[in-house]
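**Q** Here you go, structure.csv (CSV, C-alpha atoms):
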chain,number,residue,atom,x,y,z
A,1,MET,CA,0.0,0.0,0.0
A,2,GLY,CA,3.0,2.3,-0.3
A,3,GLY,CA,3.6,3.5,3.3
A,4,GLY,CA,-0.1,3.6,4.0
A,5,LEU,CA,-2.2,0.6,5.2
A,6,PRO,CA,-1.3,-3.1,5.0
A,7,ASP,CA,-3.4,-5.1,2.6
A,8,GLY,CA,-5.3,-6.8,5.4
A,9,PHE,CA,-6.6,-3.5,6.8
A,10,VAL,CA,-8.0,-2.6,3.4
A,11,SER,CA,-10.3,-5.5,3.9
A,12,ALA,CA,-11.0,-4.3,7.4
A,13,PHE,CA,-12.0,-0.9,6.0
A,14,VAL,CA,-14.3,-2.5,3.4
A,15,GLY,CA,-15.8,-4.8,6.1
A,16,GLY,CA,-16.4,-1.9,8.4
A,17,PHE,CA,-18.1,0.1,5.6
A,18,ILE,CA,-20.5,-2.9,4.9
A,19,SER,CA,-21.0,-3.5,8.6
A,20,SER,CA,-22.1,0.2,9.0
A,21,MET,CA,-24.7,-0.2,6.3
A,22,ILE,CA,-26.1,-3.4,7.8
A,23,TYR,CA,-26.3,-1.7,11.2
A,24,GLY,CA,-28.5,1.0,9.7
A,25,ILE,CA,-30.8,-1.7,8.3
A,26,THR,CA,-30.9,-3.5,11.7
A,27,THR,CA,-31.7,-0.2,13.5
A,28,LEU,CA,-34.6,0.4,11.1
A,29,GLN,CA,-35.8,-3.2,11.6
A,30,THR,CA,-35.7,-2.7,15.4
A,31,TYR,CA,-37.8,0.4,15.1
A,32,VAL,CA,-40.3,-1.4,12.9
A,33,TYR,CA,-40.5,-4.2,15.4
A,34,TYR,CA,-41.3,-2.0,18.4
A,35,MET,CA,-43.9,-0.1,16.4
A,36,HIS,CA,-45.8,-3.1,15.0
A,37,TYR,CA,-45.4,-5.9,17.7
A,38,THR,CA,-46.3,-4.2,20.9
A,39,GLU,CA,-48.1,-7.3,22.1
A,40,ASP,CA,-45.1,-9.6,22.1
A,41,ALA,CA,-43.8,-11.1,25.3
A,42,LEU,CA,-41.5,-9.0,27.4
A,43,ILE,CA,-38.7,-11.6,27.2
A,44,LEU,CA,-38.8,-11.2,23.4
A,45,LYS,CA,-38.7,-7.4,23.6
A,46,LEU,CA,-35.8,-7.6,26.0
A,47,LEU,CA,-33.9,-9.9,23.6
A,48,VAL,CA,-34.4,-7.5,20.7
A,49,ALA,CA,-33.2,-4.6,22.9
A,50,ALA,CA,-30.2,-6.6,24.0
A,51,VAL,CA,-29.2,-7.5,20.5
A,52,TRP,CA,-29.5,-3.9,19.3
A,53,VAL,CA,-27.5,-2.6,22.2
A,54,LEU,CA,-24.7,-5.2,21.6
A,55,ASP,CA,-24.8,-4.3,17.9
A,56,THR,CA,-24.4,-0.6,18.8
A,57,VAL,CA,-21.5,-1.2,21.1
A,58,HIS,CA,-19.9,-3.3,18.4
A,59,ILE,CA,-20.2,-0.6,15.8
A,60,SER,CA,-18.7,1.9,18.3
A,61,PHE,CA,-15.7,-0.4,19.1
A,62,MET,CA,-15.2,-1.1,15.4
A,63,MET,CA,-15.1,2.6,14.5
A,64,HIS,CA,-12.6,3.3,17.3
A,65,ALA,CA,-10.3,0.5,16.1
A,66,LEU,CA,-10.4,1.6,12.5
A,67,TYR,CA,-9.8,5.2,13.5
A,68,TYR,CA,-6.9,4.2,15.7
A,69,TYR,CA,-5.1,2.2,12.9
A,70,GLN,CA,-6.2,4.1,9.8
A,71,VAL,CA,-6.3,7.7,11.0
A,72,ILE,CA,-4.3,8.3,14.1
A,73,ASN,CA,-1.5,5.9,13.2
A,74,TYR,CA,-1.8,6.2,9.4
A,75,GLY,CA,1.6,5.4,7.9
A,76,VAL,CA,3.1,4.2,11.2
A,77,PRO,CA,4.0,0.5,10.7
A,78,THR,CA,4.8,-0.1,14.3
A,79,SER,CA,1.2,0.6,15.3
A,80,PHE,CA,0.2,-2.8,13.9
A,81,GLU,CA,2.5,-4.4,16.5
A,82,TYR,CA,-0.1,-3.5,19.1
A,83,ILE,CA,-3.7,-4.7,19.4
A,84,ILE,CA,-5.9,-1.9,20.5
A,85,TRP,CA,-8.5,-3.2,23.0
A,86,THR,CA,-11.5,-2.2,21.0
A,87,LEU,CA,-10.6,-4.6,18.1
A,88,PRO,CA,-11.0,-7.8,20.1
A,89,GLY,CA,-13.8,-6.0,22.1
A,90,SER,CA,-15.8,-5.5,18.9
A,91,ASP,CA,-15.4,-9.2,18.2
A,92,LEU,CA,-16.6,-10.1,21.7
A,93,MET,CA,-19.8,-8.2,21.1
A,94,ASN,CA,-20.2,-10.3,17.9
A,95,VAL,CA,-19.8,-13.5,20.0
A,96,PHE,CA,-22.6,-12.4,22.3
A,97,ILE,CA,-24.9,-11.5,19.4
A,98,VAL,CA,-24.3,-14.9,17.7
A,99,PHE,CA,-25.0,-16.6,21.0
A,100,ALA,CA,-28.3,-14.8,21.6
A,101,VAL,CA,-29.6,-15.3,18.1
A,102,GLN,CA,-28.7,-19.0,17.9
A,103,CYS,CA,-30.3,-19.5,21.3
A,104,PHE,CA,-33.5,-17.9,20.0
A,105,PHE,CA,-33.7,-20.3,17.0
A,106,ALA,CA,-32.8,-23.3,19.2
A,107,HIS,CA,-35.8,-22.3,21.4
A,108,GLN,CA,-38.0,-22.4,18.3
A,109,ILE,CA,-36.7,-25.9,17.5
A,110,TYR,CA,-37.3,-27.0,21.0
A,111,TRP,CA,-41.0,-26.2,20.8
A,112,LEU,CA,-41.4,-27.6,17.3
A,113,CYS,CA,-40.1,-31.0,18.3
A,114,ARG,CA,-42.2,-33.8,19.7
A,115,PRO,CA,-41.8,-34.2,23.5
A,116,GLN,CA,-39.9,-37.4,23.1
A,117,VAL,CA,-37.1,-35.9,21.0
A,118,LYS,CA,-36.9,-32.3,22.3
A,119,TRP,CA,-33.6,-32.6,24.1
A,120,TRP,CA,-32.1,-35.1,21.6
A,121,VAL,CA,-32.4,-32.4,18.9
A,122,THR,CA,-31.7,-29.2,20.9
A,123,ALA,CA,-29.0,-30.5,23.2
A,124,PRO,CA,-26.3,-30.9,20.5
A,125,ILE,CA,-27.2,-27.5,19.1
A,126,MET,CA,-26.9,-25.8,22.5
A,127,VAL,CA,-23.5,-27.6,23.1
A,128,LEU,CA,-22.2,-26.0,19.9
A,129,VAL,CA,-23.7,-22.6,20.8
A,130,LEU,CA,-22.1,-22.7,24.2
A,131,ALA,CA,-18.8,-23.9,22.8
A,132,GLN,CA,-18.6,-21.0,20.3
A,133,LEU,CA,-19.4,-18.6,23.2
A,134,GLY,CA,-16.5,-20.1,25.3
A,135,PHE,CA,-14.0,-20.3,22.5
A,136,GLY,CA,-14.8,-16.8,21.1
A,137,ALA,CA,-14.8,-15.1,24.6
A,138,GLU,CA,-11.5,-16.9,25.4
A,139,THR,CA,-9.8,-15.7,22.2
A,140,ASP,CA,-10.9,-12.1,22.6
A,141,ILE,CA,-10.1,-11.8,26.3
A,142,ILE,CA,-6.6,-13.2,25.6
A,143,GLU,CA,-6.0,-10.6,22.9
A,144,MET,CA,-7.2,-7.8,25.1
A,145,ILE,CA,-4.9,-8.9,27.9
A,146,TYR,CA,-1.7,-9.4,25.9
A,147,HIS,CA,-2.2,-6.7,23.1
A,148,ASN,CA,0.4,-8.5,21.0
A,149,PRO,CA,-0.4,-9.8,17.5
A,150,SER,CA,2.2,-12.6,18.0
A,151,ILE,CA,-0.3,-14.2,20.4
A,152,VAL,CA,-2.8,-14.9,17.5
A,153,PRO,CA,-0.9,-17.8,15.9
A,154,GLN,CA,-0.5,-19.3,19.4
A,155,ILE,CA,-4.2,-19.4,20.0
A,156,MET,CA,-5.2,-20.2,16.4
A,157,TYR,CA,-6.0,-23.9,16.8
A,158,TYR,CA,-7.4,-23.9,20.4
A,159,GLY,CA,-9.3,-20.6,20.2
A,160,VAL,CA,-9.9,-18.9,16.9
A,161,THR,CA,-10.5,-21.9,14.7
A,162,PRO,CA,-12.8,-23.8,17.1
A,163,ALA,CA,-14.8,-20.6,17.7
A,164,VAL,CA,-15.5,-20.1,13.9
A,165,ALA,CA,-16.0,-23.9,13.3
A,166,THR,CA,-18.6,-24.2,16.1
A,167,ILE,CA,-20.6,-21.2,14.7
A,168,ALA,CA,-20.7,-22.8,11.3
A,169,LEU,CA,-21.7,-26.2,12.7
A,170,ALA,CA,-24.4,-24.8,14.9
A,171,GLU,CA,-25.8,-22.7,12.0
A,172,VAL,CA,-26.1,-25.8,9.8
A,173,MET,CA,-27.7,-27.9,12.5
A,174,ILE,CA,-30.3,-25.1,13.3
A,175,THR,CA,-31.2,-24.8,9.6
A,176,VAL,CA,-31.5,-28.5,8.9
A,177,SER,CA,-33.5,-29.0,12.1
A,178,LEU,CA,-36.0,-26.3,11.2
A,179,CYS,CA,-36.4,-27.5,7.7
A,180,VAL,CA,-36.9,-31.1,8.7
A,181,LEU,CA,-39.4,-30.3,11.5
A,182,LEU,CA,-41.4,-27.8,9.3
A,183,TYR,CA,-41.4,-30.2,6.4
A,184,GLY,CA,-42.7,-33.0,8.7
A,185,ARG,CA,-45.5,-30.8,10.0
A,186,GLY,CA,-46.4,-29.8,6.4
A,187,SER,CA,-46.4,-33.3,5.0
A,188,SER,CA,-48.6,-34.6,7.8
A,189,SER,CA,-51.2,-31.8,7.3
A,190,PRO,CA,-54.1,-32.5,4.9
A,191,VAL,CA,-54.6,-28.8,4.3
A,192,ALA,CA,-52.9,-27.4,1.2
A,193,ARG,CA,-52.7,-23.8,2.6
A,194,THR,CA,-50.8,-25.0,5.7
A,195,LYS,CA,-48.4,-26.8,3.5
A,196,ARG,CA,-47.8,-23.6,1.5
A,197,LEU,CA,-47.2,-21.6,4.6
A,198,LEU,CA,-44.8,-24.1,6.1
A,199,ASN,CA,-42.9,-24.3,2.8
A,200,THR,CA,-42.6,-20.5,2.9
A,201,LEU,CA,-41.1,-20.8,6.4
A,202,ILE,CA,-38.7,-23.5,5.1
A,203,ILE,CA,-37.5,-21.1,2.4
A,204,TYR,CA,-37.1,-18.3,5.0
A,205,ALA,CA,-35.0,-20.7,7.2
A,206,ILE,CA,-32.7,-21.6,4.2
A,207,ASN,CA,-32.3,-18.1,3.1
A,208,ARG,CA,-31.4,-17.0,6.6
A,209,CYS,CA,-28.8,-19.7,6.8
A,210,LEU,CA,-27.2,-19.2,3.4
A,211,LEU,CA,-25.6,-15.8,3.8
A,212,THR,CA,-24.5,-16.2,7.4
A,213,SER,CA,-23.1,-19.7,6.7
A,214,VAL,CA,-21.2,-18.5,3.6
A,215,VAL,CA,-19.5,-15.7,5.5
A,216,VAL,CA,-18.6,-17.9,8.4
A,217,ILE,CA,-17.2,-20.6,6.2
A,218,VAL,CA,-15.1,-18.1,4.2
A,219,GLU,CA,-13.8,-16.7,7.5
A,220,LEU,CA,-12.9,-20.3,8.6
A,221,VAL,CA,-11.0,-20.8,5.3
A,222,THR,CA,-9.1,-17.6,5.7
A,223,VAL,CA,-8.2,-18.5,9.3
A,224,VAL,CA,-7.1,-22.0,8.6
A,225,ASP,CA,-5.6,-21.8,5.1
A,226,ILE,CA,-4.2,-18.3,5.0
A,227,ASN,CA,-3.3,-18.4,8.7
A,228,VAL,CA,-3.4,-14.6,9.0
A,229,ASP,CA,-5.7,-12.4,10.9
A,230,THR,CA,-6.1,-9.8,8.2
A,231,TRP,CA,-8.9,-10.7,5.8
A,232,SER,CA,-10.8,-12.4,8.6
A,233,ILE,CA,-11.0,-9.0,10.4
A,234,GLY,CA,-13.3,-7.6,7.7
A,235,LEU,CA,-15.4,-10.7,7.7
A,236,THR,CA,-15.6,-10.7,11.5
A,237,PHE,CA,-17.0,-7.1,11.4
A,238,VAL,CA,-19.9,-8.3,9.2
A,239,ILE,CA,-20.9,-11.6,10.9
A,240,GLY,CA,-22.5,-10.1,14.0
A,241,LYS,CA,-24.5,-7.7,11.8
A,242,LEU,CA,-25.9,-10.5,9.7
A,243,TYR,CA,-27.0,-12.4,12.7
A,244,ALA,CA,-28.7,-9.4,14.3
A,245,ASN,CA,-30.5,-8.6,11.0
A,246,SER,CA,-31.6,-12.2,10.5
A,247,LEU,CA,-33.3,-12.2,13.9
A,248,MET,CA,-35.1,-8.9,13.2
A,249,ALA,CA,-36.1,-10.1,9.7
A,250,SER,CA,-37.6,-13.3,11.2
A,251,LEU,CA,-39.6,-11.4,13.7
A,252,ASN,CA,-40.8,-8.7,11.3
A,253,SER,CA,-41.8,-11.2,8.6
A,254,ARG,CA,-44.8,-12.3,10.8
A,255,GLU,CA,-47.0,-9.4,9.6
A,256,TYR,CA,-46.4,-10.4,6.0
A,257,LEU,CA,-47.3,-14.0,6.8
A,258,ARG,CA,-50.4,-13.0,8.6
A,259,SER,CA,-51.5,-10.9,5.5
A,260,ARG,CA,-50.9,-13.9,3.3
A,261,SER,CA,-53.0,-16.0,5.6
A,262,ALA,CA,-55.8,-13.4,5.5
A,263,SER,CA,-55.7,-13.3,1.7
A,264,PHE,CA,-56.4,-17.1,1.7
A,265,HIS,CA,-59.9,-16.5,3.0
A,266,SER,CA,-61.0,-15.6,-0.5
A,267,ASP,CA,-60.0,-19.1,-1.8
A,268,PRO,CA,-62.9,-21.5,-2.6
A,269,PRO,CA,-62.1,-24.0,0.2
A,270,SER,CA,-62.9,-22.7,3.6
A,271,ASN,CA,-59.8,-23.8,5.5
A,272,THR,CA,-58.6,-21.0,7.8
A,273,VAL,CA,-55.0,-20.3,8.6
A,274,HIS,CA,-54.4,-18.0,11.6
A,275,PHE,CA,-51.1,-16.6,12.9
A,276,PRO,CA,-51.5,-15.4,16.4
A,277,LYS,CA,-49.1,-13.0,18.1
A,278,LEU,CA,-45.7,-14.3,19.2
A,279,SER,CA,-46.5,-13.2,22.7
A,280,LYS,CA,-47.2,-16.9,23.5
A,281,LEU,CA,-43.7,-17.8,22.5
A,282,ALA,CA,-42.3,-17.6,26.0
A,283,GLY,CA,-44.9,-20.1,27.2
A,284,GLY,CA,-44.4,-22.4,24.3
A,285,VAL,CA,-46.9,-25.0,25.6
A,286,GLU,CA,-50.5,-24.4,26.6
A,287,SER,CA,-52.5,-26.8,28.7
A,288,SER,CA,-56.0,-28.0,27.7
A,289,ASP,CA,-58.9,-28.5,30.0
A,290,ASP,CA,-58.1,-32.1,30.6
A,291,GLY,CA,-54.6,-31.2,31.8
A,292,THR,CA,-52.7,-32.4,28.7
A,293,GLY,CA,-50.3,-30.2,26.9
A,294,ARG,CA,-50.0,-29.4,23.2
A,295,SER,CA,-47.0,-28.1,21.3
A,296,ASP,CA,-47.4,-25.0,19.2
A,297,VAL,CA,-45.9,-25.0,15.7
A,298,THR,CA,-43.5,-22.0,15.8
A,299,GLU,CA,-40.9,-20.5,13.5
A,300,ALA,CA,-41.7,-16.9,12.8
A,301,ALA,CA,-45.3,-17.5,13.9
A,302,VAL,CA,-47.4,-20.1,15.5
A,303,ILE,CA,-49.7,-21.9,13.1
A,304,HIS,CA,-53.2,-23.1,14.0
A,305,VAL,CA,-55.4,-24.7,11.3
A,306,THR,CA,-59.2,-24.9,11.5
A,307,THR,CA,-61.1,-26.7,8.8
A,308,VAL,CA,-64.6,-25.6,8.1
A,309,SER,CA,-66.9,-27.8,5.9
A,310,ALA,CA,-67.9,-26.3,2.6
A,311,LEU,CA,-71.2,-28.1,2.9
A,312,ASN,CA,-72.0,-26.1,6.0
A,313,LYS,CA,-71.3,-22.9,4.2
A,314,ALA,CA,-73.6,-23.9,1.4
A,315,ALA,CA,-76.3,-24.7,3.8
A,316,ALA,CA,-75.9,-21.3,5.6
A,317,LEU,CA,-76.2,-19.5,2.2
A,318,ARG,CA,-79.4,-21.4,1.4
A,319,THR,CA,-80.9,-20.5,4.8
A,320,GLU,CA,-80.2,-16.8,4.1
A,321,GLY,CA,-81.8,-17.1,0.7
A,322,GLU,CA,-85.0,-18.5,2.2
A,323,VAL,CA,-85.2,-15.7,4.8
Could you show the structure in this file as structure tokens?
**A**
Amino acid sequence: MGGGLPDGFVSAFVGGFISSMIYGITTLQTYVYYMHYTEDALILKLLVAAVWVLDTVHISFMMHALYYYQVINYGVPTSFEYIIWTLPGSDLMNVFIVFAVQCFFAHQIYWLCRPQVKWWVTAPIMVLVLAQLGFGAETDIIEMIYHNPSIVPQIMYYGVTPAVATIALAEVMITVSLCVLLYGRGSSSPVARTKRLLNTLIIYAINRCLLTSVVVIVELVTVVDINVDTWSIGLTFVIGKLYANSLMASLNSREYLRSRSASFHSDPPSNTVHFPKLSKLAGGVESSDDGTGRSDVTEAAVIHVTTVSALNKAAALRTEGEV
């Protein structure tokens, strides 16, 4: 770069620019959420607030780190021999964001599963989620303590690589579990509209996974193959933003799904698909009068299907005609 910035910090600048744009989208999504979903459970509102605060702290730390290296110490090669604390601090915020978002989707999977297999499905996912939290926090705390880039190769294979690998594995397991569970519910339903809506949720789950998984896998490749912590810096800036935005997109898509279900009322068959508010999410299971529980089908919304006989409708119309 001719006395300016090392090549790796060019990627950090680009990653910071993209990260800032995604942060603006996430902030808008957060505003839309609080404006349209006032009846959601308190725990869900607190989760959204926590993710947005962590995202805001991340963008602040990221800007400080970029300002330190690319403005204050521009053209000073020795500055890159010191790790400013906000650089690993910003990554630590990403670790917390990924942990919170993956726990949210693991919660969805838990209530989608049959009671007999709930823990068999969600326990491996939670092990990976907790592992990425531990490995990621360990790596960032060590970097903040020692402030020396030479420590990075030493923790590469017991800190950095396991952290990125567990994120990728957990993401794949969450997506596969959601798709299999939703497909199973849809295939067992005799109602075509329910199948269409569940297929839509499957597409949402796959789309959510694709972008985050691609970025995580590319970062894993740069960490393992290139063995430098330069290009991975720009990718790390973006990962947390993608997870925060995927959470908000999943929550805000419920209004669109409800509008689709409302449009189905004009179809000739009289099956009704209803999307209640996600305020029942925290409960997950409701008890019936006889004391037995029933699982709600939840992804971005909880689906209840009520079938009304077309014959009864025709009889009601004939009665009105006679009157």
**Q** Pick from A:Trp120, A:Phe80, A:Phe61, A:Tyr157: nearest to Val223 in chain A, with only C-alpha atoms counted?
**A**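 Nearest to Val223 in chain A: A:Tyr157.
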**Q** Got a sec: who's within 12 Å of Ser177 in chain A, counting only C-alpha atoms, leaving out chain neighbours fewer than 4 positions off, as a ChimeraX atom specification?
**A** /A:105-113,117-118,120-122,124-125,170-173,181-184,202,205-206,209,299
**Q** Report, in Å with one decimal, the straight-line distance from CA of Glu81 in chain A to CA of Glu143 in chain A.
**A**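 That distance, rounded to one decimal, is 12.3 Å.
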**Q** Please indicate the distance in Å from CA of Gln29 in chain A to CA of Leu54 in chain A, rounded to one decimal place.
**A**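 Here the two named atoms are 15.1 Å from each other.
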**Q** Out of A:Val32, A:Met21, A:Leu66, A:Val152, which residue has the shortest atom-to-atom distance to Arg254 in chain A when counting all atoms listed in the file?
**A**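 When distances to Arg254 in chain A are compared using all atoms listed in the file, the smallest one comes from A:Val32.
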**Q** Which value, in Å to one decimal, gives the distance between CA of Ala65 in chain A and CA of Ile155 in chain A?
**A**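 Separating CA of Ala65 in chain A from CA of Ile155 in chain A is a distance of 21.2 Å.
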**Q** Choose the residue, out of A:Met63, A:Leu128, A:Val180, A:Ala163, that has the smallest atom-to-atom separation from Ser19 in chain A; count all atoms listed in the file.
**A**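 Checking each of A:Met63, A:Leu128, A:Val180, A:Ala163 against Ser19 in chain A, counting all atoms listed in the file, the winner is A:Met63.
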**Q** For Gly24 in chain A, please output as a PDB file with C-alpha atoms, in the coordinates of the input all residues within 12 Å (counting only C-alpha atoms; exclusion window: fewer than 6 positions along the same chain).
**A**
ATOM      1  CA  PHE A  17     -18.100   0.100   5.600  1.00  0.00           C
ATOM      2  CA  ILE A  18     -20.500  -2.900   4.900  1.00  0.00           C
ATOM      3  CA  THR A  30     -35.700  -2.700  15.400  1.00  0.00           C
ATOM      4  CA  TYR A  31     -37.800   0.400  15.100  1.00  0.00           C
ATOM      5  CA  TRP A  52     -29.500  -3.900  19.300  1.00  0.00           C
ATOM      6  CA  ASP A  55     -24.800  -4.300  17.900  1.00  0.00           C
ATOM      7  CA  THR A  56     -24.400  -0.600  18.800  1.00  0.00           C
ATOM      8  CA  ILE A  59     -20.200  -0.600  15.800  1.00  0.00           C
ATOM      9  CA  LYS A 241     -24.500  -7.700  11.800  1.00  0.00           C
ATOM     10  CA  LEU A 242     -25.900 -10.500   9.700  1.00  0.00           C
ATOM     11  CA  ALA A 244     -28.700  -9.400  14.300  1.00  0.00           C
ATOM     12  CA  ASN A 245     -30.500  -8.600  11.000  1.00  0.00           C
TER      13      ASN A 245
END
**Q** Taking only C-alpha atoms into account, which of A:Ile203, A:Leu87, A:Ile145, A:Val164 comes nearest Ala131 in chain A?
**A**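 Smallest distance to Ala131 in chain A is found for A:Val164.
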**Q** Write out as a VMD selection string the residues lying within 9 Å of Ala168 in chain A, counting all atoms listed in the file and excluding same-chain residues fewer than 5 positions away.
**A** chain A and resid 163 173 212 to 214 216 to 217 220
**Q** Choose the residue, out of A:Phe237, A:Tyr82, A:Tyr243, A:Trp119, that has the smallest atom-to-atom separation from Arg208 in chain A; count all atoms listed in the file.
**A**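 Smallest distance to Arg208 in chain A is found for A:Tyr243.
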**Q** Go through A:Leu197, A:Met93, A:Val238, A:Ile43 and flag the residue nearest Gly15 in chain A, using all atoms listed in the file for the distances.
**A**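 Selected residue with least distance to Gly15 in chain A: A:Val238.
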**Q** Could you complete range 68-86 of chain A so that it carries N, CA, C and O atoms, and give it back as a PDB file, keeping the file's coordinate frame?
**A**
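Output contents, as saved in rebuild.pdb:
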ATOM      1  N   TYR A  68      -8.180   4.302  15.034  1.00  0.00           N
ATOM      2  CA  TYR A  68      -6.900   4.200  15.700  1.00  0.00           C
ATOM      3  C   TYR A  68      -5.802   3.797  14.629  1.00  0.00           C
ATOM      4  O   TYR A  68      -4.717   4.403  14.556  1.00  0.00           O
ATOM      5  N   TYR A  69      -6.115   2.772  13.827  1.00  0.00           N
ATOM      6  CA  TYR A  69      -5.100   2.200  12.900  1.00  0.00           C
ATOM      7  C   TYR A  69      -5.043   3.045  11.588  1.00  0.00           C
ATOM      8  O   TYR A  69      -3.962   3.199  11.006  1.00  0.00           O
ATOM      9  N   GLN A  70      -6.182   3.548  11.110  1.00  0.00           N
ATOM     10  CA  GLN A  70      -6.200   4.100   9.800  1.00  0.00           C
ATOM     11  C   GLN A  70      -6.233   5.636   9.740  1.00  0.00           C
ATOM     12  O   GLN A  70      -6.137   6.222   8.654  1.00  0.00           O
ATOM     13  N   VAL A  71      -6.351   6.268  10.913  1.00  0.00           N
ATOM     14  CA  VAL A  71      -6.300   7.700  11.000  1.00  0.00           C
ATOM     15  C   VAL A  71      -5.196   8.218  11.880  1.00  0.00           C
ATOM     16  O   VAL A  71      -4.255   8.888  11.441  1.00  0.00           O
ATOM     17  N   ILE A  72      -5.298   7.859  13.156  1.00  0.00           N
ATOM     18  CA  ILE A  72      -4.300   8.300  14.100  1.00  0.00           C
ATOM     19  C   ILE A  72      -2.901   7.835  13.771  1.00  0.00           C
ATOM     20  O   ILE A  72      -1.925   8.589  13.794  1.00  0.00           O
ATOM     21  N   ASN A  73      -2.804   6.538  13.454  1.00  0.00           N
ATOM     22  CA  ASN A  73      -1.500   5.900  13.200  1.00  0.00           C
ATOM     23  C   ASN A  73      -1.312   5.600  11.700  1.00  0.00           C
ATOM     24  O   ASN A  73      -0.633   4.636  11.359  1.00  0.00           O
ATOM     25  N   TYR A  74      -1.917   6.383  10.845  1.00  0.00           N
ATOM     26  CA  TYR A  74      -1.800   6.200   9.400  1.00  0.00           C
ATOM     27  C   TYR A  74      -0.302   6.325   9.012  1.00  0.00           C
ATOM     28  O   TYR A  74       0.340   7.339   9.328  1.00  0.00           O
ATOM     29  N   GLY A  75       0.269   5.325   8.308  1.00  0.00           N
ATOM     30  CA  GLY A  75       1.600   5.400   7.900  1.00  0.00           C
ATOM     31  C   GLY A  75       2.658   5.061   8.950  1.00  0.00           C
ATOM     32  O   GLY A  75       3.860   5.260   8.732  1.00  0.00           O
ATOM     33  N   VAL A  76       2.168   4.554  10.097  1.00  0.00           N
ATOM     34  CA  VAL A  76       3.100   4.200  11.200  1.00  0.00           C
ATOM     35  C   VAL A  76       3.060   2.640  11.284  1.00  0.00           C
ATOM     36  O   VAL A  76       2.162   2.068  11.923  1.00  0.00           O
ATOM     37  N   PRO A  77       3.996   1.937  10.667  1.00  0.00           N
ATOM     38  CA  PRO A  77       4.000   0.500  10.700  1.00  0.00           C
ATOM     39  C   PRO A  77       4.015  -0.159  12.041  1.00  0.00           C
ATOM     40  O   PRO A  77       3.442  -1.217  12.273  1.00  0.00           O
ATOM     41  N   THR A  78       4.691   0.503  12.981  1.00  0.00           N
ATOM     42  CA  THR A  78       4.800  -0.100  14.300  1.00  0.00           C
ATOM     43  C   THR A  78       3.497  -0.145  15.076  1.00  0.00           C
ATOM     44  O   THR A  78       3.374  -0.888  16.047  1.00  0.00           O
ATOM     45  N   SER A  79       2.508   0.623  14.612  1.00  0.00           N
ATOM     46  CA  SER A  79       1.200   0.600  15.300  1.00  0.00           C
ATOM     47  C   SER A  79       0.522  -0.751  15.183  1.00  0.00           C
ATOM     48  O   SER A  79      -0.281  -1.123  16.039  1.00  0.00           O
ATOM     49  N   PHE A  80       0.871  -1.494  14.117  1.00  0.00           N
ATOM     50  CA  PHE A  80       0.200  -2.800  13.900  1.00  0.00           C
ATOM     51  C   PHE A  80       0.877  -3.888  14.765  1.00  0.00           C
ATOM     52  O   PHE A  80       0.460  -5.036  14.708  1.00  0.00           O
ATOM     53  N   GLU A  81       1.878  -3.504  15.544  1.00  0.00           N
ATOM     54  CA  GLU A  81       2.500  -4.400  16.500  1.00  0.00           C
ATOM     55  C   GLU A  81       1.749  -4.405  17.840  1.00  0.00           C
ATOM     56  O   GLU A  81       2.179  -5.053  18.793  1.00  0.00           O
ATOM     57  N   TYR A  82       0.689  -3.629  17.896  1.00  0.00           N
ATOM     58  CA  TYR A  82      -0.100  -3.500  19.100  1.00  0.00           C
ATOM     59  C   TYR A  82      -1.563  -3.675  18.821  1.00  0.00           C
ATOM     60  O   TYR A  82      -2.089  -3.072  17.881  1.00  0.00           O
ATOM     61  N   ILE A  83      -2.249  -4.510  19.582  1.00  0.00           N
ATOM     62  CA  ILE A  83      -3.700  -4.700  19.400  1.00  0.00           C
ATOM     63  C   ILE A  83      -4.455  -3.789  20.304  1.00  0.00           C
ATOM     64  O   ILE A  83      -4.427  -3.928  21.533  1.00  0.00           O
ATOM     65  N   ILE A  84      -5.085  -2.785  19.706  1.00  0.00           N
ATOM     66  CA  ILE A  84      -5.900  -1.900  20.500  1.00  0.00           C
ATOM     67  C   ILE A  84      -7.099  -2.667  21.055  1.00  0.00           C
ATOM     68  O   ILE A  84      -7.682  -3.530  20.373  1.00  0.00           O
ATOM     69  N   TRP A  85      -7.493  -2.402  22.284  1.00  0.00           N
ATOM     70  CA  TRP A  85      -8.500  -3.200  23.000  1.00  0.00           C
ATOM     71  C   TRP A  85      -9.836  -3.266  22.325  1.00  0.00           C
ATOM     72  O   TRP A  85     -10.589  -4.246  22.462  1.00  0.00           O
ATOM     73  N   THR A  86     -10.181  -2.218  21.586  1.00  0.00           N
ATOM     74  CA  THR A  86     -11.500  -2.200  21.000  1.00  0.00           C
ATOM     75  C   THR A  86     -11.633  -3.155  19.786  1.00  0.00           C
ATOM     76  O   THR A  86     -12.746  -3.493  19.378  1.00  0.00           O
TER      77      THR A  86
END
